[in-house]
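Shown here: coords-v1.tsv, TSV, C-alpha atoms.
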chain	number	residue	atom	x	y	z
A	8	MET	CA	-19.10	17.52	28.03
A	9	THR	CA	-17.93	19.02	24.77
A	10	LEU	CA	-14.39	18.20	23.74
A	11	GLN	CA	-12.02	21.13	23.27
A	12	THR	CA	-9.34	20.59	20.65
A	13	LYS	CA	-5.91	22.09	21.07
A	14	PRO	CA	-4.41	24.19	18.27
A	15	GLY	CA	-1.63	22.88	16.11
A	16	LYS	CA	-2.79	19.26	16.10
A	17	LEU	CA	-3.84	16.74	13.48
A	18	TYR	CA	-6.81	14.55	14.43
A	19	ILE	CA	-7.32	11.20	12.65
A	20	VAL	CA	-11.06	10.64	12.94
A	21	ALA	CA	-12.79	7.32	12.23
A	22	THR	CA	-16.24	7.57	10.64
A	23	PRO	CA	-18.95	4.93	10.04
A	24	ILE	CA	-18.41	2.18	7.47
A	25	GLY	CA	-22.13	2.05	6.81
A	26	HIS	CA	-24.47	2.59	9.72
A	27	LEU	CA	-24.34	6.28	10.69
A	28	GLY	CA	-25.17	5.40	14.28
A	29	ASP	CA	-21.71	3.90	14.71
A	30	ILE	CA	-19.91	7.24	14.89
A	31	SER	CA	-18.55	7.97	18.36
A	32	LEU	CA	-19.45	10.95	20.52
A	33	ARG	CA	-15.79	11.91	20.61
A	34	ALA	CA	-15.60	11.87	16.81
A	35	ILE	CA	-18.65	14.15	16.58
A	36	ASP	CA	-17.24	16.56	19.16
A	37	THR	CA	-13.89	16.66	17.36
A	38	LEU	CA	-15.44	17.37	13.95
A	39	LYS	CA	-17.51	20.15	15.50
A	40	VAL	CA	-14.56	22.07	16.89
A	41	VAL	CA	-11.69	21.58	14.43
A	42	ASP	CA	-10.97	24.45	12.05
A	43	ARG	CA	-10.83	22.37	8.87
A	44	ILE	CA	-11.53	18.82	7.69
A	45	ALA	CA	-9.53	16.93	5.05
A	46	ALA	CA	-11.41	14.18	3.19
A	47	GLU	CA	-10.82	11.94	0.20
A	48	ASP	CA	-14.18	12.73	-1.43
A	49	THR	CA	-15.59	15.99	-0.12
A	50	ARG	CA	-18.98	15.36	-1.71
A	51	HIS	CA	-19.34	12.05	0.11
A	52	SER	CA	-18.12	13.49	3.41
A	53	LEU	CA	-20.44	16.48	3.08
A	54	GLY	CA	-23.39	14.09	3.39
A	55	LEU	CA	-22.08	12.77	6.71
A	56	LEU	CA	-21.43	16.26	8.06
A	57	LYS	CA	-24.91	17.41	7.06
A	58	HIS	CA	-26.36	14.38	8.87
A	59	LEU	CA	-24.43	15.43	11.97
A	60	GLY	CA	-25.37	19.08	11.59
A	61	ILE	CA	-21.75	20.15	11.20
A	62	GLU	CA	-20.59	22.93	8.90
A	63	LYS	CA	-16.84	23.05	8.41
A	64	PRO	CA	-14.50	23.90	5.52
A	65	LEU	CA	-13.73	20.69	3.59
A	66	VAL	CA	-10.50	20.13	1.69
A	67	ALA	CA	-9.93	17.25	-0.75
A	68	LEU	CA	-6.95	15.01	0.02
A	69	HIS	CA	-6.66	12.12	-2.43
A	70	GLU	CA	-4.13	10.00	-4.27
A	71	HIS	CA	-3.50	12.61	-6.97
A	72	ASN	CA	-2.82	15.64	-4.75
A	73	LYS	CA	-1.59	14.09	-1.50
A	74	ARG	CA	1.93	15.55	-1.48
A	75	GLU	CA	1.09	19.10	-2.47
A	76	GLN	CA	-2.02	19.20	-0.30
A	77	ALA	CA	-0.25	17.71	2.73
A	78	GLU	CA	2.24	20.57	2.83
A	79	LYS	CA	-0.55	23.17	2.64
A	80	LEU	CA	-2.66	21.47	5.29
A	81	LEU	CA	0.21	21.09	7.72
A	82	ALA	CA	1.27	24.69	7.22
A	83	PHE	CA	-2.28	25.51	8.33
A	84	VAL	CA	-1.77	23.34	11.42
A	85	GLU	CA	1.61	24.93	12.18
A	86	ASP	CA	-0.14	28.31	12.19
A	87	GLY	CA	-2.01	27.07	15.24
A	88	HIS	CA	-5.15	25.53	13.74
A	89	ALA	CA	-6.75	22.14	14.38
A	90	LEU	CA	-7.19	19.81	11.40
A	91	ALA	CA	-9.20	16.58	11.16
A	92	LEU	CA	-8.59	13.85	8.60
A	93	ILE	CA	-11.47	11.55	7.69
A	94	SER	CA	-11.92	8.92	4.99
A	95	ASP	CA	-14.98	7.99	2.95
A	96	ALA	CA	-15.71	5.26	5.48
A	97	GLY	CA	-14.08	3.78	8.55
A	98	THR	CA	-10.62	4.52	9.91
A	99	PRO	CA	-8.41	6.77	7.74
A	100	LEU	CA	-5.30	5.38	6.04
A	101	ILE	CA	-6.60	1.79	5.84
A	102	SER	CA	-6.33	1.35	2.06
A	103	ASP	CA	-7.10	5.08	1.85
A	104	PRO	CA	-4.98	8.23	1.32
A	105	GLY	CA	-3.41	9.89	4.33
A	106	TYR	CA	-0.11	8.15	4.94
A	107	HIS	CA	1.99	10.99	3.51
A	108	LEU	CA	0.09	13.57	5.57
A	109	VAL	CA	0.62	11.70	8.85
A	110	GLN	CA	4.23	10.84	8.03
A	111	LEU	CA	5.02	14.50	7.27
A	112	ALA	CA	3.19	15.63	10.40
A	113	HIS	CA	5.49	13.49	12.54
A	114	GLN	CA	8.54	14.81	10.69
A	115	LEU	CA	7.43	18.37	11.41
A	116	GLY	CA	6.85	17.60	15.09
A	117	ILE	CA	3.08	18.04	14.84
A	118	GLN	CA	1.10	16.01	17.36
A	119	VAL	CA	-1.14	13.38	15.74
A	120	VAL	CA	-4.22	12.43	17.76
A	121	PRO	CA	-6.20	9.29	16.81
A	122	ILE	CA	-9.96	9.33	17.37
A	123	PRO	CA	-10.74	5.58	17.14
A	124	GLY	CA	-13.88	4.07	15.75
A	125	PRO	CA	-15.26	1.77	13.03
A	126	CYS	CA	-12.90	-0.31	10.90
A	127	SER	CA	-14.22	-2.92	8.45
A	128	ILE	CA	-11.17	-5.15	8.94
A	129	ILE	CA	-11.69	-5.56	12.68
A	130	THR	CA	-15.47	-5.65	12.30
A	131	ALA	CA	-15.25	-8.58	9.89
A	132	LEU	CA	-12.58	-10.40	11.88
A	133	SER	CA	-14.53	-10.16	15.13
A	134	ALA	CA	-17.55	-11.85	13.55
A	135	SER	CA	-15.71	-14.35	11.34
A	136	GLY	CA	-15.11	-17.23	13.74
A	137	LEU	CA	-11.54	-17.44	12.42
A	138	PRO	CA	-8.46	-17.12	14.67
A	139	THR	CA	-8.11	-13.52	15.85
A	140	ASP	CA	-4.87	-13.71	17.84
A	141	ARG	CA	-2.68	-13.27	14.76
A	142	PHE	CA	-3.77	-11.86	11.42
A	143	VAL	CA	-2.41	-9.99	8.40
A	144	PHE	CA	-4.18	-7.42	6.22
A	145	GLU	CA	-3.35	-7.55	2.50
A	146	GLY	CA	-5.70	-4.85	1.20
A	147	PHE	CA	-6.84	-5.16	-2.41
A	148	LEU	CA	-5.27	-7.84	-4.57
A	149	SER	CA	-4.08	-6.98	-8.06
A	150	ALA	CA	-6.79	-6.56	-10.70
A	151	LYS	CA	-4.61	-8.56	-13.13
A	152	ALA	CA	-5.08	-12.32	-12.94
A	153	THR	CA	-1.41	-13.29	-13.21
A	154	ALA	CA	-0.24	-10.79	-10.61
A	155	ARG	CA	-3.12	-11.75	-8.30
A	156	ARG	CA	-2.20	-15.42	-8.59
A	157	LYS	CA	1.43	-14.67	-7.69
A	158	GLN	CA	0.34	-12.65	-4.66
A	159	LEU	CA	-1.83	-15.48	-3.41
A	160	GLU	CA	0.81	-18.14	-4.04
A	161	LYS	CA	3.22	-16.20	-1.79
A	162	LEU	CA	0.57	-16.24	0.94
A	163	ALA	CA	-0.38	-19.90	0.59
A	164	THR	CA	1.74	-20.98	3.57
A	165	GLU	CA	0.96	-17.96	5.76
A	166	THR	CA	-0.19	-19.27	9.14
A	167	ARG	CA	-1.99	-16.10	10.26
A	168	THR	CA	-5.58	-15.30	9.30
A	169	LEU	CA	-5.54	-13.43	5.98
A	170	ILE	CA	-7.79	-10.41	5.38
A	171	PHE	CA	-8.49	-8.81	1.99
A	172	PHE	CA	-10.67	-6.09	0.49
A	173	GLU	CA	-12.33	-6.88	-2.84
A	174	ALA	CA	-14.48	-5.08	-5.39
A	175	PRO	CA	-17.83	-6.60	-6.44
A	176	HIS	CA	-16.84	-7.08	-10.08
A	177	ARG	CA	-13.82	-9.17	-9.06
A	178	ILE	CA	-15.20	-11.21	-6.16
A	179	LEU	CA	-15.87	-14.35	-8.25
A	180	GLU	CA	-12.41	-14.27	-9.83
A	181	THR	CA	-10.74	-13.71	-6.48
A	182	VAL	CA	-12.49	-16.58	-4.68
A	183	ALA	CA	-11.67	-18.87	-7.64
A	184	ALA	CA	-8.01	-17.81	-7.49
A	185	MET	CA	-7.97	-18.46	-3.75
A	186	GLN	CA	-9.32	-21.96	-4.32
A	187	ALA	CA	-6.53	-22.65	-6.79
A	188	CYS	CA	-3.79	-21.27	-4.53
A	189	PHE	CA	-4.99	-22.18	-1.03
A	190	GLY	CA	-6.99	-25.31	-1.78
A	191	GLU	CA	-10.74	-25.75	-2.10
A	192	GLN	CA	-11.12	-26.94	1.50
A	193	ARG	CA	-9.46	-23.94	3.17
A	194	LEU	CA	-11.89	-22.27	5.59
A	195	ALA	CA	-12.84	-18.70	4.74
A	196	VAL	CA	-15.43	-15.97	5.32
A	197	VAL	CA	-17.04	-13.50	2.95
A	198	ALA	CA	-18.31	-10.38	4.74
A	199	ARG	CA	-20.41	-8.11	2.52
A	200	GLU	CA	-21.94	-4.68	3.13
A	201	LEU	CA	-20.95	-4.63	6.80
A	202	THR	CA	-23.29	-2.60	9.06
A	203	LYS	CA	-25.53	-1.80	6.09
A	204	THR	CA	-29.05	-2.97	5.25
A	205	PHE	CA	-27.92	-6.04	3.29
A	206	GLU	CA	-25.07	-7.08	5.57
A	207	THR	CA	-24.10	-10.69	4.94
A	208	ILE	CA	-21.44	-12.78	6.69
A	209	ARG	CA	-20.96	-16.25	5.22
A	210	ARG	CA	-18.51	-18.86	6.50
A	211	GLY	CA	-17.44	-22.05	4.74
A	212	THR	CA	-14.75	-23.63	2.62
A	213	LEU	CA	-13.50	-21.66	-0.37
A	214	SER	CA	-15.26	-24.18	-2.58
A	215	GLU	CA	-18.58	-23.66	-0.78
A	216	LEU	CA	-18.21	-19.89	-0.81
A	217	GLY	CA	-17.36	-19.88	-4.49
A	218	ASP	CA	-20.51	-21.85	-5.32
A	219	TRP	CA	-22.61	-19.62	-3.06
A	220	VAL	CA	-21.43	-16.34	-4.55
A	221	LYS	CA	-21.76	-17.70	-8.07
A	222	SER	CA	-25.33	-18.91	-7.50
A	223	ASP	CA	-26.67	-15.65	-6.08
A	224	ALA	CA	-26.15	-12.42	-8.03
A	225	MET	CA	-27.09	-10.40	-4.95
A	226	GLN	CA	-23.94	-11.68	-3.23
A	227	GLN	CA	-21.83	-10.14	-6.01
A	228	ARG	CA	-22.77	-6.57	-5.07
A	229	GLY	CA	-21.48	-4.11	-2.51
A	230	GLU	CA	-18.25	-3.87	-0.57
A	231	PHE	CA	-16.39	-7.02	0.47
A	232	VAL	CA	-14.00	-8.13	3.16
A	233	VAL	CA	-12.70	-11.64	2.51
A	234	LEU	CA	-11.00	-13.55	5.33
A	235	VAL	CA	-9.10	-16.80	4.86
A	236	ALA	CA	-7.88	-19.11	7.61
A	237	GLY	CA	-4.12	-19.39	7.78
A	238	GLN	CA	-2.24	-22.47	6.73
A	239	THR	CA	-1.93	-25.00	9.52
A	240	LEU	CA	0.98	-27.29	10.23
A	241	GLU	CA	-1.25	-30.25	11.02
A	242	PRO	CA	-1.07	-33.00	8.39
A	243	ILE	CA	-3.96	-33.41	6.00
A	244	LYS	CA	-2.94	-36.84	4.79
A	245	ASP	CA	-6.09	-38.39	6.29
A	246	ALA	CA	-8.12	-36.55	3.64
A	247	ILE	CA	-5.97	-37.99	0.83
A	248	PRO	CA	-5.62	-41.71	0.04
A	249	PRO	CA	-2.10	-43.06	0.74
A	250	GLU	CA	-1.61	-44.05	-2.91
A	251	ALA	CA	-2.42	-40.50	-4.01
A	252	LEU	CA	0.12	-39.12	-1.56
A	253	GLN	CA	2.74	-41.47	-2.96
A	254	VAL	CA	1.98	-40.35	-6.51
A	255	LEU	CA	2.23	-36.72	-5.42
A	256	LYS	CA	5.58	-37.29	-3.72
A	257	ILE	CA	7.06	-38.96	-6.80
A	258	LEU	CA	5.84	-36.19	-9.10
A	259	LEU	CA	7.11	-33.44	-6.77
A	260	SER	CA	10.61	-34.89	-7.01
A	261	GLU	CA	10.61	-34.13	-10.75
A	262	LEU	CA	8.05	-31.38	-11.37
A	263	SER	CA	6.95	-28.00	-10.02
A	264	VAL	CA	4.15	-27.87	-7.43
A	265	LYS	CA	1.65	-26.71	-10.02
A	266	GLN	CA	2.59	-29.40	-12.57
A	267	ALA	CA	2.81	-32.19	-9.98
A	268	THR	CA	-0.53	-31.24	-8.45
A	269	GLY	CA	-2.33	-31.10	-11.78
A	270	LEU	CA	-0.95	-34.42	-12.96
A	271	ALA	CA	-1.55	-36.12	-9.60
A	272	ALA	CA	-5.17	-34.97	-9.67
A	273	LYS	CA	-5.65	-36.48	-13.14
A	274	ILE	CA	-4.03	-39.77	-12.14
A	275	THR	CA	-5.73	-40.23	-8.78
A	276	GLY	CA	-9.01	-38.34	-9.13
A	277	VAL	CA	-8.31	-36.52	-5.84
A	278	SER	CA	-9.19	-32.81	-5.61
A	279	LYS	CA	-6.52	-30.65	-7.19
A	280	GLY	CA	-6.97	-28.06	-4.45
A	281	LEU	CA	-6.42	-30.63	-1.71
A	282	LEU	CA	-3.32	-32.02	-3.42
A	283	TYR	CA	-2.00	-28.50	-3.98
A	284	GLU	CA	-2.42	-27.72	-0.29
A	285	MET	CA	-0.56	-30.91	0.63
A	286	ALA	CA	2.20	-30.12	-1.86
A	287	LEU	CA	2.69	-26.69	-0.34
A	288	LYS	CA	2.86	-28.19	3.14
A	289	TYR	CA	5.45	-30.68	2.00
A	290	GLN	CA	7.49	-28.05	0.20
A	291	SER	CA	7.36	-25.41	2.95
A	292	PHE	CA	7.33	-27.46	6.12
A	293	LYS	CA	9.07	-30.65	4.89
A	294	SER	CA	6.21	-32.54	6.51
A	295	PRO	CA	7.34	-35.92	7.87
A	296	HIS	CA	3.79	-37.16	7.41
A	297	LEU	CA	4.12	-37.40	3.64
A	298	PRO	CA	5.04	-41.01	2.85
Structure translated into structure tokens:
Amino acid sequence: MTLQTKPGKLYIVATPIGHLGDISLRAIDTLKVVDRIAAEDTRHSLGLLKHLGIEKPLVALHEHNKREQAEKLLAFVEDGHALALISDAGTPLISDPGYHLVQLAHQLGIQVVPIPGPCSIITALSASGLPTDRFVFEGFLSAKATARRKQLEKLATETRTLIFFEAPHRILETVAAMQACFGEQRLAVVARELTKTFETIRRGTLSELGDWVKSDAMQQRGEFVVLVAGQTLEPIKDAIPPEALQVLKILLSELSVKQATGLAAKITGVSKGLLYEMALKYQSFKSPHLP
């Protein structure tokens, strides 16, 4: 049964993140009957529409024209036309333009209709083996090392599963920064090229994942979703010798976490990442397990 759109509505249509077979029948029907389609990259979206045998007017909606274009597109909708918004891949607005369009549509009283489908965040999470009951999406981290480090340090004690996007040319730097901020033994997953020919989902500690990505240039290509297990409240003192914990506690009473961790690692020979994780637990949760 072919779907009939109603005039004066904005449809948010999810498209495949890789495998073209993942598009839903409802999404295809919607794209066939709307009057116009807004897309971030019209050239990219044209390929999908050609694959589906759909010919519709395409309008570019991207970061540089989003405000001006949103007003024009919604004026078109207010005239009684149906408009679909798609992204280059997956569900629109997830680290993609579109927020201003949808926000303005609500302000104007235009009905917004979601057409659900593929989303790389949920796809990666479902296959990660990490806790799925509570999670937080952080998008892309800063391209600048100092800013990225500060972002990660703020998340070091987050107890929910953390999800990030990352570009191939920064994946090594990002995993290394995560080791420094979260600890080398924190469990994580690297999901690369999801639903595509070279899809890879690798699970391990941040240390193991860092070594794996570094040793295989193929794993430094494509689109990445990186998931990191949240901080747990359980003590990790069993992984650290009692004398090392005592050294860490003494140093923390006088120095910053970073300084105390670095010096404690030199004195005791215990992993800096492990000591850093313990220091954060002690600082944030006032763990009674630290001697």
Residue contacts of region 277-279 of chain A (12 Å, all atoms listed in the file) excluding same-chain residues fewer than 4 positions away, as a PyMOL selection string
chain A and resi 186-192+214+244+246-252+254-255+264-273+283-286
Since we have the selection now, will you write its residues out, keeping C-alpha atoms, as a CSV table (one decimal), keeping the file's coordinate frame?
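Result file is selection23.csv:
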chain,number,residue,atom,x,y,z
A,186,GLN,CA,-9.3,-22.0,-4.3
A,187,ALA,CA,-6.5,-22.6,-6.8
A,188,CYS,CA,-3.8,-21.3,-4.5
A,189,PHE,CA,-5.0,-22.2,-1.0
A,190,GLY,CA,-7.0,-25.3,-1.8
A,191,GLU,CA,-10.7,-25.8,-2.1
A,192,GLN,CA,-11.1,-26.9,1.5
A,214,SER,CA,-15.3,-24.2,-2.6
A,244,LYS,CA,-2.9,-36.8,4.8
A,246,ALA,CA,-8.1,-36.6,3.6
A,247,ILE,CA,-6.0,-38.0,0.8
A,248,PRO,CA,-5.6,-41.7,0.0
A,249,PRO,CA,-2.1,-43.1,0.7
A,250,GLU,CA,-1.6,-44.0,-2.9
A,251,ALA,CA,-2.4,-40.5,-4.0
A,252,LEU,CA,0.1,-39.1,-1.6
A,254,VAL,CA,2.0,-40.4,-6.5
A,255,LEU,CA,2.2,-36.7,-5.4
A,264,VAL,CA,4.2,-27.9,-7.4
A,265,LYS,CA,1.6,-26.7,-10.0
A,266,GLN,CA,2.6,-29.4,-12.6
A,267,ALA,CA,2.8,-32.2,-10.0
A,268,THR,CA,-0.5,-31.2,-8.4
A,269,GLY,CA,-2.3,-31.1,-11.8
A,270,LEU,CA,-1.0,-34.4,-13.0
A,271,ALA,CA,-1.6,-36.1,-9.6
A,272,ALA,CA,-5.2,-35.0,-9.7
A,273,LYS,CA,-5.6,-36.5,-13.1
A,283,TYR,CA,-2.0,-28.5,-4.0
A,284,GLU,CA,-2.4,-27.7,-0.3
A,285,MET,CA,-0.6,-30.9,0.6
A,286,ALA,CA,2.2,-30.1,-1.9
Applying 6 Å and all atoms listed in the file, which residues near region 45-47 of chain A remain after dropping the ones on its own chain fewer than 2 positions away? List them as a PDB file with C-alpha atoms, in the coordinates of the input.
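So out_6.pdb came out as:
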ATOM      1  CA  THR A  49     -15.590  15.990  -0.120  1.00  0.00           C
ATOM      2  CA  LEU A  65     -13.730  20.690   3.590  1.00  0.00           C
ATOM      3  CA  VAL A  66     -10.500  20.130   1.690  1.00  0.00           C
ATOM      4  CA  ALA A  67      -9.930  17.250  -0.750  1.00  0.00           C
ATOM      5  CA  LEU A  68      -6.950  15.010   0.020  1.00  0.00           C
ATOM      6  CA  HIS A  69      -6.660  12.120  -2.430  1.00  0.00           C
ATOM      7  CA  LEU A  92      -8.590  13.850   8.600  1.00  0.00           C
ATOM      8  CA  ILE A  93     -11.470  11.550   7.690  1.00  0.00           C
ATOM      9  CA  SER A  94     -11.920   8.920   4.990  1.00  0.00           C
TER      10      SER A  94
END
Restricting to all atoms listed in the file, whichever of A:Gln227, A:Ser222, A:Gln238, A:Asn72 is closest to Leu194 (chain A) is A:Gln238
Length of the CA of Leu179 (chain A) to CA of Gln226 (chain A) vector [Å]
9.9 Å
So that I can check the surroundings of region 115-126 of chain A, please list as a CSV table (one decimal) with C-alpha atoms, keeping the file's coordinate frame every protein, DNA and RNA residue that reaches within 6 Å of it, counting only C-alpha atoms and ignoring chain neighbours fewer than 2 positions away.
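Wrote out27.csv, looks like this:
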chain,number,residue,atom,x,y,z
A,16,LYS,CA,-2.8,19.3,16.1
A,17,LEU,CA,-3.8,16.7,13.5
A,18,TYR,CA,-6.8,14.6,14.4
A,19,ILE,CA,-7.3,11.2,12.6
A,20,VAL,CA,-11.1,10.6,12.9
A,21,ALA,CA,-12.8,7.3,12.2
A,23,PRO,CA,-19.0,4.9,10.0
A,97,GLY,CA,-14.1,3.8,8.6
A,98,THR,CA,-10.6,4.5,9.9
A,112,ALA,CA,3.2,15.6,10.4
A,113,HIS,CA,5.5,13.5,12.5
A,128,ILE,CA,-11.2,-5.2,8.9
A,129,ILE,CA,-11.7,-5.6,12.7
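Counting only C-alpha atoms, the residue from A:Ser31, A:Ser135, A:Phe142, A:Arg177 that sits nearest to Arg155 (chain A) is A:Arg177.
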Quick one, how far is CA of Arg210 (chain A) from CA of Lys157 (chain A)?
24.8 Å
Between CA of Gly237 (chain A) and CA of Leu282 (chain A) - distance in Å to one decimal:
16.9 Å
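For the set A:Gly28, A:Gly15, A:Pro175, A:Gly280, the residue with the smallest atom-to-atom gap to Val233 (chain A) is A:Pro175, counting all atoms listed in the file.
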Step by step, gather every atom of region 40-52 of chain A that the file lists, find the box along x, y and z that holds them, add 8 Å on each side, and finally give centre and edge lengths in Å to one decimal, as AutoDock Vina command-line options.
--center_x -14.4 --center_y 18.2 --center_z 7.6 --size_x 25.8 --size_y 28.5 --size_z 34.6
What's the 12 Å shell around Thr181 (chain A), counting all atoms listed in the file, without same-chain residues fewer than 4 positions away, as a PyMOL selection string?
chain A and resi 147-156+158-159+171-177+185-189+197+213+216-217+220-221+227+231-235
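Closest approach to Ala91 (chain A) among A:His71, A:Leu38, A:Val109, A:Lys63: A:Leu38, based on all atoms listed in the file.
Restricting the calculation to only C-alpha atoms, the smallest distance between Leu287 (chain A) and any of A:Asp29, A:Asp95, A:Glu75, A:Glu160 is found for A:Glu160.
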